[in-house]
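**Q** Contents of start.txt (compact mmCIF, C-alpha atoms) are below:
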# COMPACT_ATOMS: atom_id res chain seq x y z
CA SER V 1 76.24 98.24 88.16
CA SER V 2 75.51 94.81 86.77
CA ASN V 3 79.04 94.24 85.56
CA PRO V 4 80.62 91.06 86.96
CA THR V 5 83.47 91.06 89.44
CA GLU V 6 86.86 91.35 87.76
CA THR V 7 89.80 89.20 88.76
CA VAL V 8 93.24 89.81 87.30
CA THR V 9 95.96 87.37 88.29
CA THR V 10 99.68 88.04 88.05
CA VAL V 11 102.46 85.59 88.89
CA VAL V 12 105.79 86.95 90.11
CA PRO V 13 108.85 85.08 91.39
CA THR V 14 109.30 85.09 95.14
CA TYR V 15 110.30 82.87 98.04
CA PHE V 16 107.12 83.43 100.00
CA PRO V 17 104.06 81.18 100.23
CA THR V 18 101.27 81.32 97.69
CA VAL V 19 98.68 84.01 98.37
CA ALA V 20 95.40 84.03 96.44
CA MET V 21 92.32 86.22 96.75
CA SER V 22 89.19 84.72 95.25
CA SER V 23 86.33 86.43 93.45
CA SER V 24 82.95 85.52 92.10
CA ARG V 25 84.34 84.97 88.59
CA PRO V 26 87.72 83.28 88.96
CA THR V 27 90.08 83.10 86.02
CA PRO V 28 92.09 79.92 85.41
CA GLN V 29 94.95 79.81 87.86
CA PRO V 30 98.45 78.80 86.81
CA SER V 31 99.95 75.64 88.14
CA VAL V 32 101.77 76.39 91.37
CA LYS V 33 104.45 74.14 92.78
CA PRO V 34 104.70 73.62 96.55
CA THR V 35 106.42 76.53 98.20
CA ALA V 36 109.49 76.57 100.36
CA SER V 37 109.14 77.36 104.03
CA PRO V 38 108.73 81.12 104.57
CA THR V 39 111.74 80.99 106.86
CA SER V 40 113.93 79.31 104.26
CA ALA V 41 116.81 81.47 103.08
CA PRO V 42 117.25 81.78 99.30
CA THR V 43 120.05 79.53 98.04
CA ASP V 44 121.07 78.17 94.65
CA SER V 45 119.43 74.85 95.54
CA VAL V 46 116.03 76.38 96.37
CA PRO V 47 113.93 77.00 93.23
CA LEU V 48 111.92 80.18 92.88
CA THR V 49 108.25 79.67 93.66
CA PRO V 50 105.46 81.87 92.31
CA LEU V 51 103.39 84.22 94.42
CA VAL V 52 99.88 84.49 93.03
CA VAL V 53 98.53 87.99 93.59
CA SER V 54 94.96 88.66 92.49
CA LYS V 55 93.22 91.98 92.06
CA GLN V 56 89.78 91.50 93.59
CA CYS V 57 87.50 94.28 92.38
CA GLU V 58 83.95 95.08 91.40
CA PRO V 59 82.65 98.22 89.66
CA TYR V 60 81.58 100.95 92.09
CA SER V 61 80.92 103.84 89.72
CA ASP V 62 81.57 104.84 86.13
CA THR V 63 84.94 106.16 87.28
CA PHE V 64 86.41 103.68 89.77
CA ASP V 65 86.15 100.20 91.28
CA LEU V 66 85.88 98.97 94.87
CA CYS V 67 88.64 96.48 95.62
CA THR V 68 90.21 94.62 98.54
CA ASP V 69 93.83 94.01 99.50
CA ASN V 70 94.53 91.69 102.46
CA GLY V 71 91.12 92.57 103.88
CA VAL V 72 91.66 96.34 103.46
CA PRO V 73 89.16 97.98 101.08
CA TYR V 74 90.28 100.55 98.56
CA TYR V 75 88.94 102.45 95.57
CA HIS V 76 90.88 102.15 92.33
CA CYS V 77 90.89 103.68 88.87
CA ASP V 78 93.44 103.00 86.14
CA ARG V 79 93.77 105.98 83.84
CA ASN V 80 97.45 106.77 83.41
CA LYS V 81 99.67 104.51 81.33
CA ASP V 82 102.39 106.93 80.29
CA LYS V 83 104.09 108.95 83.00
CA LEU V 84 105.81 107.01 85.79
CA GLY V 85 105.61 108.55 89.25
CA THR V 86 102.12 109.99 88.87
CA ASP V 87 100.08 107.03 90.14
CA ILE V 88 98.57 108.41 93.37
CA LEU V 89 97.96 106.64 96.68
CA LEU V 90 95.51 108.48 98.94
CA LEU V 91 95.71 107.61 102.63
CA HIS V 92 93.59 109.22 105.37
CA GLY V 93 93.76 110.80 108.81
CA ALA V 94 92.73 109.24 112.11
CA SER V 95 89.12 110.46 112.05
CA PHE V 96 88.59 109.82 108.35
CA SER V 97 88.50 107.09 105.70
CA LYS V 98 88.68 106.59 101.95
CA GLU V 99 85.05 107.74 101.84
CA ASN V 100 86.08 111.36 102.44
CA TRP V 101 88.04 111.35 99.20
CA ARG V 102 84.99 109.92 97.42
CA ARG V 103 82.37 112.24 98.93
CA LYS V 104 84.32 115.35 97.96
CA ASP V 105 84.79 114.04 94.39
CA ILE V 106 88.57 114.14 94.76
CA ILE V 107 88.87 110.57 93.47
CA ASP V 108 86.71 111.45 90.46
CA ASP V 109 88.73 114.59 89.74
CA LEU V 110 92.11 112.85 89.97
CA CYS V 111 90.89 109.81 88.04
CA GLN V 112 90.26 111.96 84.99
CA HIS V 113 94.03 112.21 84.63
CA VAL V 114 95.94 109.60 86.65
CA THR V 115 95.72 106.18 88.27
CA VAL V 116 94.44 106.45 91.85
CA VAL V 117 94.15 104.18 94.89
CA ALA V 118 92.26 105.50 97.93
CA SER V 119 92.98 103.01 100.70
CA ASP V 120 91.65 102.39 104.19
CA LEU V 121 95.13 101.39 105.33
CA SER V 122 95.37 101.98 109.09
CA VAL V 123 96.92 105.25 110.27
CA TRP V 124 99.06 103.07 112.56
CA ALA V 125 100.69 101.38 109.55
CA LYS V 126 104.41 102.02 109.35
CA SER V 127 106.64 101.93 106.30
CA ASP V 128 107.08 98.14 106.32
CA VAL V 129 103.33 97.66 105.97
CA LEU V 130 103.17 100.31 103.24
CA ILE V 131 105.98 98.62 101.33
CA SER V 132 104.28 95.22 101.48
CA MET V 133 101.06 96.72 100.15
CA LEU V 134 102.85 98.51 97.32
CA ASP V 135 104.64 95.30 96.35
CA ARG V 136 101.27 93.54 96.07
CA PHE V 137 99.80 96.44 94.10
CA GLU V 138 102.65 96.37 91.60
CA ALA V 139 102.49 92.58 91.23
CA ALA V 140 98.73 92.70 90.55
CA GLY V 141 99.02 95.59 88.11
CA VAL V 142 97.16 98.00 90.38
CA MET V 143 99.92 100.64 90.48
CA ARG V 144 103.29 101.24 88.86
CA LEU V 145 106.20 102.08 91.11
CA PRO V 146 107.43 104.58 92.10
CA ILE V 147 104.27 106.48 93.05
CA THR V 148 102.98 109.67 94.65
CA VAL V 149 101.82 109.17 98.27
CA ILE V 150 99.40 111.64 99.84
CA THR V 151 99.35 111.41 103.64
CA PRO V 152 96.97 113.64 105.59
CA SER V 153 97.67 114.05 109.29
CA ALA V 154 98.28 110.77 111.17
CA SER V 155 98.86 108.73 108.00
CA GLY V 156 102.16 110.59 107.66
CA ARG V 157 103.49 107.91 110.01
CA SER V 158 103.90 105.61 106.98
CA ILE V 159 106.59 107.93 105.57
CA LEU V 160 108.01 109.38 108.81
CA SER V 161 108.71 105.89 110.18
CA TRP V 162 110.64 105.19 106.97
CA LEU V 163 112.79 108.25 107.56
CA GLN V 164 113.28 107.14 111.17
CA GLY V 165 114.72 103.75 110.20
CA VAL V 166 111.83 101.27 110.21
CA SER V 167 112.71 100.50 106.58
CA SER V 168 115.88 101.13 104.59
CA ILE V 169 115.89 104.72 103.35
CA ASP V 170 117.84 103.58 100.29
CA ASP V 171 114.75 101.62 99.18
CA MET V 172 112.48 104.67 99.20
CA PRO V 173 113.12 105.82 95.60
CA LYS V 174 111.96 102.43 94.33
CA TYR V 175 108.54 103.03 95.88
CA VAL V 176 108.01 106.77 96.31
CA LYS V 177 108.69 109.46 93.73
CA THR V 178 106.67 112.24 95.40
CA TRP V 179 105.38 112.72 98.94
CA VAL V 180 102.44 115.04 99.61
CA PRO V 181 102.16 115.53 103.40
CA VAL V 182 99.02 117.35 104.54
CA ALA V 183 99.87 118.61 108.04
CA PRO V 184 101.26 115.43 109.64
CA TYR V 185 102.28 116.79 113.03
CA THR V 186 104.80 113.97 113.56
CA VAL V 187 107.09 115.90 111.21
CA LEU V 188 107.75 118.30 114.08
CA SER V 189 109.43 115.50 116.07
CA ALA V 190 111.72 114.42 113.21
CA THR V 191 115.33 115.57 113.03
CA ASP V 192 116.72 117.72 110.23
CA ALA V 193 118.90 114.81 109.15
CA GLN V 194 115.88 112.53 108.84
CA LEU V 195 113.94 115.05 106.79
CA SER V 196 116.88 116.01 104.58
CA ALA V 197 117.19 112.34 103.58
CA LEU V 198 114.27 113.06 101.25
CA ILE V 199 116.53 115.39 99.28
CA GLU V 200 119.33 112.82 99.21
CA GLN V 201 116.92 110.16 97.91
CA ASP V 202 115.50 112.53 95.28
CA VAL V 203 111.97 112.31 96.70
CA ARG V 204 110.04 115.45 95.84
CA VAL V 205 107.85 116.94 98.57
CA LEU V 206 104.69 119.04 98.22
CA ALA V 207 103.60 120.23 101.67
CA ILE V 208 99.97 121.42 101.80
CA ASN V 209 98.18 122.97 104.77
CA GLY V 210 95.12 125.04 105.51
CA ASP V 211 95.41 128.73 106.30
CA ARG V 212 93.53 128.15 109.58
CA ASP V 213 95.76 125.28 110.72
CA LYS V 214 98.61 126.90 112.68
CA SER V 215 100.41 123.64 113.50
CA GLY V 216 99.96 122.48 109.91
CA GLY V 217 101.70 125.66 108.80
CA GLN V 218 104.61 124.83 111.11
CA VAL V 219 104.82 121.36 109.54
CA SER V 220 104.96 122.81 106.03
CA GLU V 221 107.55 125.39 107.04
CA ARG V 222 109.72 122.70 108.60
CA LEU V 223 109.51 120.56 105.46
CA GLY V 224 110.32 123.58 103.32
CA ASP V 225 113.47 124.26 105.34
CA ALA V 226 114.72 120.70 105.86
CA ALA V 227 113.38 118.79 102.85
CA ASP V 228 113.23 121.52 100.20
CA ALA V 229 109.46 121.06 100.01
CA GLU V 230 107.24 123.25 97.88
CA VAL V 231 104.69 124.75 100.29
CA VAL V 232 101.10 125.51 99.28
CA VAL V 233 98.55 127.06 101.64
CA LEU V 234 94.87 126.59 100.77
CA ASP V 235 91.66 127.91 102.30
CA GLY V 236 90.69 125.62 105.17
CA GLY V 237 91.60 123.98 108.44
CA HIS V 238 93.48 120.81 109.32
CA ALA V 239 91.67 118.64 106.73
CA VAL V 240 92.14 121.30 104.05
CA TYR V 241 91.42 118.88 101.19
CA LEU V 242 87.80 118.74 102.43
CA SER V 243 87.51 122.54 102.53
CA SER V 244 89.12 123.13 99.13
CA PRO V 245 88.83 119.84 97.21
CA LYS V 246 89.07 121.23 93.67
CA GLU V 247 92.05 123.41 94.54
CA PHE V 248 93.69 120.49 96.31
CA SER V 249 93.41 118.19 93.28
CA GLU V 250 94.63 120.92 90.91
CA THR V 251 97.60 121.69 93.16
CA VAL V 252 98.69 118.05 93.25
CA LEU V 253 98.32 117.54 89.49
CA ASP V 254 100.18 120.79 88.74
CA PHE V 255 103.07 119.69 90.97
CA LEU V 256 103.22 116.33 89.17
CA GLY V 257 103.26 118.05 85.80
CA VAL V 258 100.03 116.40 84.69
CA GLU V 259 98.18 118.32 81.98
CA GLN V 260 94.60 119.16 82.99
Please render this file's structure as structure tokens.

**A**
Amino acid sequence: SSNPTETVTTVVPTYFPTVAMSSSRPTPQPSVKPTASPTSAPTDSVPLTPLVVSKQCEPYSDTFDLCTDNGVPYYHCDRNKDKLGTDILLLHGASFSKENWRRKDIIDDLCQHVTVVASDLSVWAKSDVLISMLDRFEAAGVMRLPITVITPSASGRSILSWLQGVSSIDDMPKYVKTWVPVAPYTVLSATDAQLSALIEQDVRVLAINGDRDKSGGQVSERLGDAADAEVVVLDGGHAVYLSSPKEFSETVLDFLGVEQ
């Protein structure tokens, strides 16, 4: 596409240093006062300083853009302005990337109905890293919190670590409305109390697995018992969204109550 790079800048109050991501067509930046030290504790005598968060994107297709957040590439489309909780974050398993969502047209299918981010966030990222990313996304107008998080396999660590105390469980409803785990085996090492916290925090769970993934079936069963998850079994193996991409997208949208 010959369309120029888009930069959208949002200023939000914070006590952290200024962060700016440049693009080939910068928009005028607001005046920014010197920031306080990042280690400074907020007090009445310390004025709020703005954090400049820019959305750095360029068109990739007719449906979505290719963007970057803190050096991590992601695909993004902005289609849903009405229903909170249905913006979707697609993460990926250890042997995969955001490209798998693109190649199977899952991004295109979901983008017809909702806002989508397909990120190359590391599978080693825990909940604190996920939270920081979501804060930046909200500040830049990329996503509206709370969202739906889809975590195939190893990327389930971003939610499981939250349940295991890396981040405050009481903060989860601010960020996550719905969790869609796709056979993250780490669920099998979590306690019932950790998983049942999802019920207490009113986080809905849609557990999806392939009919040829025995361990994935055990994960879904465990989530059904401990977290009141709705369980859906599709035709396929461990990466069932690649075997049944259309059915996968339809299942997610149905669960979110999005009209198709």

**Q** What lies within 10 Å of Gln218 (chain V) using all atoms listed in the file, ignoring chain neighbours under 6 positions off, as a ChimeraX atom specification?

**A** /V:183,185,187-188,209,224

**Q** What does the structure give for the distance between CA of Ile88 (chain V) and CA of Lys104 (chain V), in Å to one decimal?

**A**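 Straight-line distance from CA of Ile88 (chain V) to CA of Lys104 (chain V) works out to 16.5 Å.
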
**Q** As AutoDock Vina command-line options, please report the centre and edge lengths, rounded to one decimal in Å, of the axis-aligned box that holds all listed atoms of region 204-222 of chain V with 4 Å of padding on each of the six sides.

**A**
--center_x 101.8 --center_y 122.1 --center_z 104.7 --size_x 24.5 --size_y 21.3 --size_z 25.7

**Q** Let me make sure I understand: among V:Ile169, V:Val114, V:Val205, V:Ile107, which one has the smallest atom-to-atom distance to Ile131 (chain V) if we use only C-alpha atoms?

**A**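 Ranking V:Ile169, V:Val114, V:Val205, V:Ile107 by distance to Ile131 (chain V), first place goes to V:Ile169.
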
**Q** Measure the distance from CA of Arg136 (chain V) to CA of Leu90 (chain V) in Å and round it to one decimal.

**A**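 So the two atoms, CA of Arg136 (chain V) and CA of Leu90 (chain V), lie 16.3 Å apart.
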
**Q** So that I can see what lies close to region 163-166 of chain V, please list as an NGL selection string the residues with an atom at most 10 Å from it, counting only C-alpha atoms and leaving out residues fewer than 6 positions away in the same chain.

**A** :V and (126-128 or 157 or 172 or 190-191 or 193-198)

**Q** If I take CA of Pro173 (chain V) and CA of Asp202 (chain V), how far is one from the other in Å, to one decimal?

**A** 7.1 Å

**Q** I'd like to know which of V:Asp170, V:Asp87, V:Glu200, V:Asp69 is closest to Leu145 (chain V), using only C-alpha atoms.

**A**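 Distance minimum relative to Leu145 (chain V) lands on V:Asp87.
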